Every structure is written in structure tokens, then in C-alpha cells.
Amino acid sequence: MIEVEDWGRLGYAEGWRRQHELFDAMVASKKRGEKPDREYLIMVEHDPVVTLGRHANASNLLMPEKAMEAMGVEVHRIERGGDVTYHGPGQLVVYPILDLEAHRLGVKDYVALLEEAVIRMIGLYGIKGERIDGASGVWIGKGSPSERKICAIGVKCSRFCTMHGLALNVNTDLRGFNVINPCGFVDKGVTSMSREIGKVIDFEEVKRRFSDVFLSLIFPLKESLDLFKKL
């Protein structure tokens with residue numbers, strides 16, 4: 001069972017702590033040889049924060065950390081994959097805490113599923129999202145001079161249990177990205193759903209639509225694999 005939880009707007013450190021409680025409990029149950037009976041799809045909006053993944057290059061911070069903190073932007077080093085990214089108001093951050101083993105998914109397949117969920121959801125708004133080889137996440141204008149990222153993805157997986165996830169720019173003030181090289185790229189831009197369609201988007205509607213698309217992808221996939229293995 002996947003429980004959908006809306007944590008509203010929350011400071012990053014508190015969200016990180018809550019995630020770890022759920023993730024650590026799931027990992028512990030797997031270590032005991034138990035099958036987790038509950039999974040989570042968490043949606044949250046963070047106060048301004050810059051996070052650096054475990055392989056992040058500090059040179060992708062374009063301002064001293066103290067200067068960013070003086071501007072009200074926290075800085076956190078965390079255990080997800082990926083480089084540096086920004087979270088802030090108007091951005092939908094999604095933390096699936098799942099047992100990939102139960103869904104017969106590897107990490108690469110899981111990341112592709114996250115990308116697919118975003119691509120399909122923004123497609124409902126007439127926005128064409130695409131993948132770029134060698135760069136996780138969802139992009140707009142693939143192959144053009146204005147190639148730009150609309151969704152960043154970075155996950156952590158232990159014993160096939162997941163935490164962290166994705167950050168989709170919905171109504172995000174993109175000036176927040178000016179303090180970093182987003183995801184380590186110096187030659188690509190960022191965008192948001194509202195910028196692409198020219199109006200503010202109903203944030204609550206985006207949350208509902210994303211959860212519907214995500215759940216519709218993960219459960220039929222499991223059922224299809226079950227059927228395939230019986231043939």
C-alpha cells in the first residue's frame with residue numbers, strides 16, 4: 001500500500017528528518033527479513049534551500065555559503081545522488097519511499113519511472129518534456145540552443161528502499177537558481193511550468209495529477225511483470 005502524504009510547506013531540515021524516520025524504519029524491516037507493509041508518496045514545498053548530493057562539486061555554488069544563508073537560503077549536504085540543486089516556494093518536491101524489490105524495479109528503471117511520471121503529467125498542460133542522454137531529469141527544448149531543465153531527480157537507495165526523489169518547477173521563482181550551476185551544468189538553463197505556458201498554475205491540482213499519474217504507472221507495471229513471469 002502506498003500512502004500519499006502532503007506535508008505542505010516545510011523547512012528542509014524537518015522534511016529530511018521525517019523522510020529518514022520512514023526510510024530508516026523500512027530499511028530496518030528489510031534487514032529483519034520482513035516485507036514492508038506500507039510505502040509512501042510524499043509531496044512537499046520547501047523554504048529556499050540549496051542541497052548538494054554526495055558527489056557534488058562545491059565549485060557549483062556561485063556564492064559563499066554564509067552569503068546565501070544571509071539571503072535566507074539554507075545549504076545542506078545530503079546523501080542523494082546528483083550534484084547541486086535549489087528548492088524553493090512554488091516547486092513541487094516529491095519523496096517516494098518505496099520498496100523497489102516489491103515492485104521488481106532496479107534503480108535505473110525507477111529513475112526512468114520518475115521521469116516518465118513527470119513527462120506524462122506536464123503533458124496534461126501541453127508541455128513536452130523529454131529525456132537527455134547522460135543527464136537525469138526532465139528537459140524542455142531537447143537539442144535546441146534553449147535546452148532547459150524543468151525537473152531535477154536525485155535518489156538514495158539502500159536494500160532497494162528509496163528516499164529523496166524529484167523537484168518539479170511549477171510556479172518557482174527561477175532567480176533562486178542564480179546562486180548555483182544547477183545540477184552542475186553551466187551551459188543549460190532552467191524553466192518552470194508557469195513560464196512555459198505563461199500563467200500561474202494551480203499547485204494543488206498539480207499535486208493531485210502527479211500522484212494519479214505516478215500510481216497509475218507503478219501498479220500496472222508490477223501487474224504486467226507478474227503476468228509475464230507466469231507465461
# chains A, B, ... in the order shown; residues from 1 in each chain; ligands from 1
$ residues_around --residues "region 127-139 of chain A" --least-positions-apart "2" --cutoff "8 Å" --atoms "only C-alpha atoms" --output "list in words"
Val111, Glu115, Val118, Ile119, Ile122, Gly123, Leu124, Tyr125, Gly141, Lys142, Glu147, Arg148, Lys149, Ile150, Cys151, Ala152, Ile153, Met193, Glu196 and Ile197 of chain A
$ residues_around --residues "Asp83 (chain A)" --least-positions-apart "3" --cutoff "12 Å" --atoms "only C-alpha atoms" --output "ChimeraX atom specification"
/A:50-61,76-80,86,135-136,152-155,180-185
$ write_last_selection --atoms "C-alpha atoms" --output "short mmCIF file (atom, residue, chain, number, x, y, z; two decimals), in the first residue's frame"
data_model
loop_
_atom_site.label_atom_id
_atom_site.label_comp_id
_atom_site.auth_asym_id
_atom_site.auth_seq_id
_atom_site.Cartn_x
_atom_site.Cartn_y
_atom_site.Cartn_z
CA VAL A 50 20.41 24.61 -1.81
CA THR A 51 21.27 20.94 -1.47
CA LEU A 52 24.46 19.18 -2.55
CA GLY A 53 24.39 15.48 -3.37
CA ARG A 54 27.10 13.09 -2.31
CA HIS A 55 29.17 13.67 -5.47
CA ALA A 56 28.51 17.42 -5.74
CA ASN A 57 31.27 19.78 -6.79
CA ALA A 58 31.45 22.71 -4.37
CA SER A 59 32.53 24.97 -7.26
CA ASN A 60 28.92 24.81 -8.48
CA LEU A 61 27.99 27.08 -5.57
CA HIS A 76 22.58 21.24 3.16
CA ARG A 77 24.88 18.40 2.15
CA ILE A 78 22.84 15.24 1.77
CA GLU A 79 23.14 11.61 0.72
CA ARG A 80 21.19 11.58 -2.56
CA TYR A 86 17.77 24.56 -5.47
CA ALA A 135 21.53 13.78 -17.72
CA SER A 136 18.76 12.60 -15.42
CA ALA A 152 15.63 17.52 -11.27
CA ILE A 153 15.94 13.97 -9.96
CA GLY A 154 18.25 12.60 -7.27
CA VAL A 155 17.63 9.48 -5.19
CA ILE A 180 24.30 27.72 -8.35
CA ASN A 181 25.18 25.89 -11.53
CA PRO A 182 22.00 23.77 -11.50
CA CYS A 183 22.89 20.06 -11.37
CA GLY A 184 26.43 21.09 -12.30
CA PHE A 185 25.55 22.37 -15.79
#
$ atom_distance --atom1 "CA of Glu74 (chain A)" --atom2 "CA of Tyr12 (chain A)"
8.3 Å
$ select_by_dssp --residues "region 48-134 of chain A" --states "helix (DSSP H, G or I)" --output "VMD selection string"
chain A and resid 58 to 60 65 to 70 100 to 103 107 to 123
$ write_last_selection --atoms "C-alpha atoms" --output "compact mmCIF listing (two decimals), in the first residue's frame"
# COMPACT_ATOMS: atom_id res chain seq x y z
CA ALA A 58 31.45 22.71 -4.37
CA SER A 59 32.53 24.97 -7.26
CA ASN A 60 28.92 24.81 -8.48
CA GLU A 65 27.53 29.65 1.89
CA LYS A 66 27.40 32.39 4.52
CA ALA A 67 26.27 34.89 1.89
CA MET A 68 23.49 32.56 0.80
CA GLU A 69 22.39 32.00 4.37
CA ALA A 70 22.32 35.77 4.90
CA LEU A 100 11.72 -1.36 -5.19
CA GLU A 101 12.10 -5.09 -4.65
CA ALA A 102 8.34 -5.38 -4.13
CA HIS A 103 7.78 -3.63 -7.47
CA VAL A 107 17.35 1.82 -9.61
CA LYS A 108 17.71 2.80 -13.29
CA ASP A 109 14.17 1.65 -14.02
CA TYR A 110 12.93 3.57 -11.00
CA VAL A 111 14.58 6.81 -12.15
CA ALA A 112 13.08 6.27 -15.61
CA LEU A 113 9.66 5.80 -13.97
CA LEU A 114 10.02 9.11 -12.10
CA GLU A 115 10.94 10.83 -15.36
CA GLU A 116 8.00 9.23 -17.15
CA ALA A 117 5.56 10.33 -14.46
CA VAL A 118 6.72 13.94 -14.83
CA ILE A 119 6.68 13.78 -18.65
CA ARG A 120 3.12 12.49 -18.67
CA MET A 121 1.89 14.90 -16.01
CA ILE A 122 3.29 18.06 -17.61
CA GLY A 123 1.96 16.76 -20.92
$ residues_around --residues "region 33-35 of chain A" --least-positions-apart "4" --cutoff "12 Å" --atoms "only C-alpha atoms" --output "compact mmCIF listing (two decimals) with N, CA, C and O atoms, in the first residue's frame"
# COMPACT_ATOMS: atom_id res chain seq x y z
N MET A 1 0.84 -1.20 0.00
CA MET A 1 0.00 0.00 0.00
C MET A 1 0.87 1.25 0.00
O MET A 1 1.81 1.35 0.79
N ALA A 25 13.01 3.13 9.02
CA ALA A 25 12.13 2.07 9.50
C ALA A 25 11.94 1.00 8.43
O ALA A 25 11.90 -0.21 8.73
N MET A 26 11.82 1.43 7.17
CA MET A 26 11.66 0.47 6.08
C MET A 26 12.92 -0.37 5.90
O MET A 26 12.85 -1.61 5.75
N VAL A 27 14.09 0.27 5.93
CA VAL A 27 15.35 -0.46 5.80
C VAL A 27 15.50 -1.46 6.94
O VAL A 27 15.92 -2.61 6.74
N ALA A 28 15.16 -1.04 8.16
CA ALA A 28 15.27 -1.92 9.31
C ALA A 28 14.39 -3.15 9.16
O ALA A 28 14.79 -4.27 9.50
N SER A 29 13.19 -2.96 8.63
CA SER A 29 12.29 -4.10 8.44
C SER A 29 12.84 -5.06 7.40
O SER A 29 12.73 -6.29 7.55
N GLU A 39 4.19 1.88 2.11
CA GLU A 39 5.11 2.74 1.36
C GLU A 39 4.48 4.14 1.30
O GLU A 39 3.31 4.32 1.65
N LEU A 98 9.82 3.88 -1.14
CA LEU A 98 9.31 2.65 -1.72
C LEU A 98 10.25 1.48 -1.49
O LEU A 98 11.46 1.67 -1.31
N ASP A 99 9.70 0.29 -1.57
CA ASP A 99 10.49 -0.94 -1.61
C ASP A 99 10.54 -1.38 -3.07
O ASP A 99 9.59 -2.00 -3.58
N LEU A 100 11.63 -1.04 -3.76
CA LEU A 100 11.72 -1.36 -5.19
C LEU A 100 11.66 -2.86 -5.44
O LEU A 100 11.20 -3.29 -6.50
N GLU A 101 12.13 -3.63 -4.49
CA GLU A 101 12.10 -5.09 -4.65
C GLU A 101 10.66 -5.58 -4.79
O GLU A 101 10.37 -6.48 -5.59
N ALA A 102 9.75 -4.98 -4.06
CA ALA A 102 8.34 -5.38 -4.13
C ALA A 102 7.74 -5.06 -5.49
O ALA A 102 6.79 -5.72 -5.92
N HIS A 103 8.30 -4.03 -6.16
CA HIS A 103 7.78 -3.63 -7.47
C HIS A 103 8.62 -4.18 -8.62
O HIS A 103 8.40 -3.83 -9.78
N ARG A 159 19.17 -1.32 0.31
CA ARG A 159 18.34 -2.54 0.39
C ARG A 159 17.08 -2.40 -0.44
O ARG A 159 16.00 -2.85 -0.04
N PHE A 160 17.19 -1.72 -1.57
CA PHE A 160 16.10 -1.47 -2.50
C PHE A 160 15.02 -0.56 -1.93
O PHE A 160 13.93 -0.45 -2.50
N CYS A 161 15.31 0.12 -0.82
CA CYS A 161 14.40 1.13 -0.28
C CYS A 161 14.86 2.51 -0.75
O CYS A 161 16.06 2.78 -0.79
$ atom_distance --atom1 "CA of Gly165 (chain A)" --atom2 "CA of Ile97 (chain A)"
8.7 Å
$ select_by_dssp --residues "region 139-206 of chain A" --states "strand (DSSP E or B)" --output "NGL selection string"
:A and (139-140 or 148-158 or 161-169 or 180 or 189-190)
$ atom_distance --atom1 "CA of Ile42 (chain A)" --atom2 "CA of Trp7 (chain A)"
7.0 Å
$ closest_residue --among "A:Gly189, A:Pro89, A:Gly126, A:Pro145" --to "Ala167 (chain A)" --atoms "only C-alpha atoms"
A:Pro89
$ closest_residue --among "A:Thr162, A:Val170, A:Leu217, A:Val179" --to "Asp24 (chain A)" --atoms "only C-alpha atoms"
A:Thr162
$ closest_residue --among "A:Phe214, A:Phe203, A:Phe219, A:Phe177" --to "Arg9 (chain A)" --atoms "only C-alpha atoms"
A:Phe203
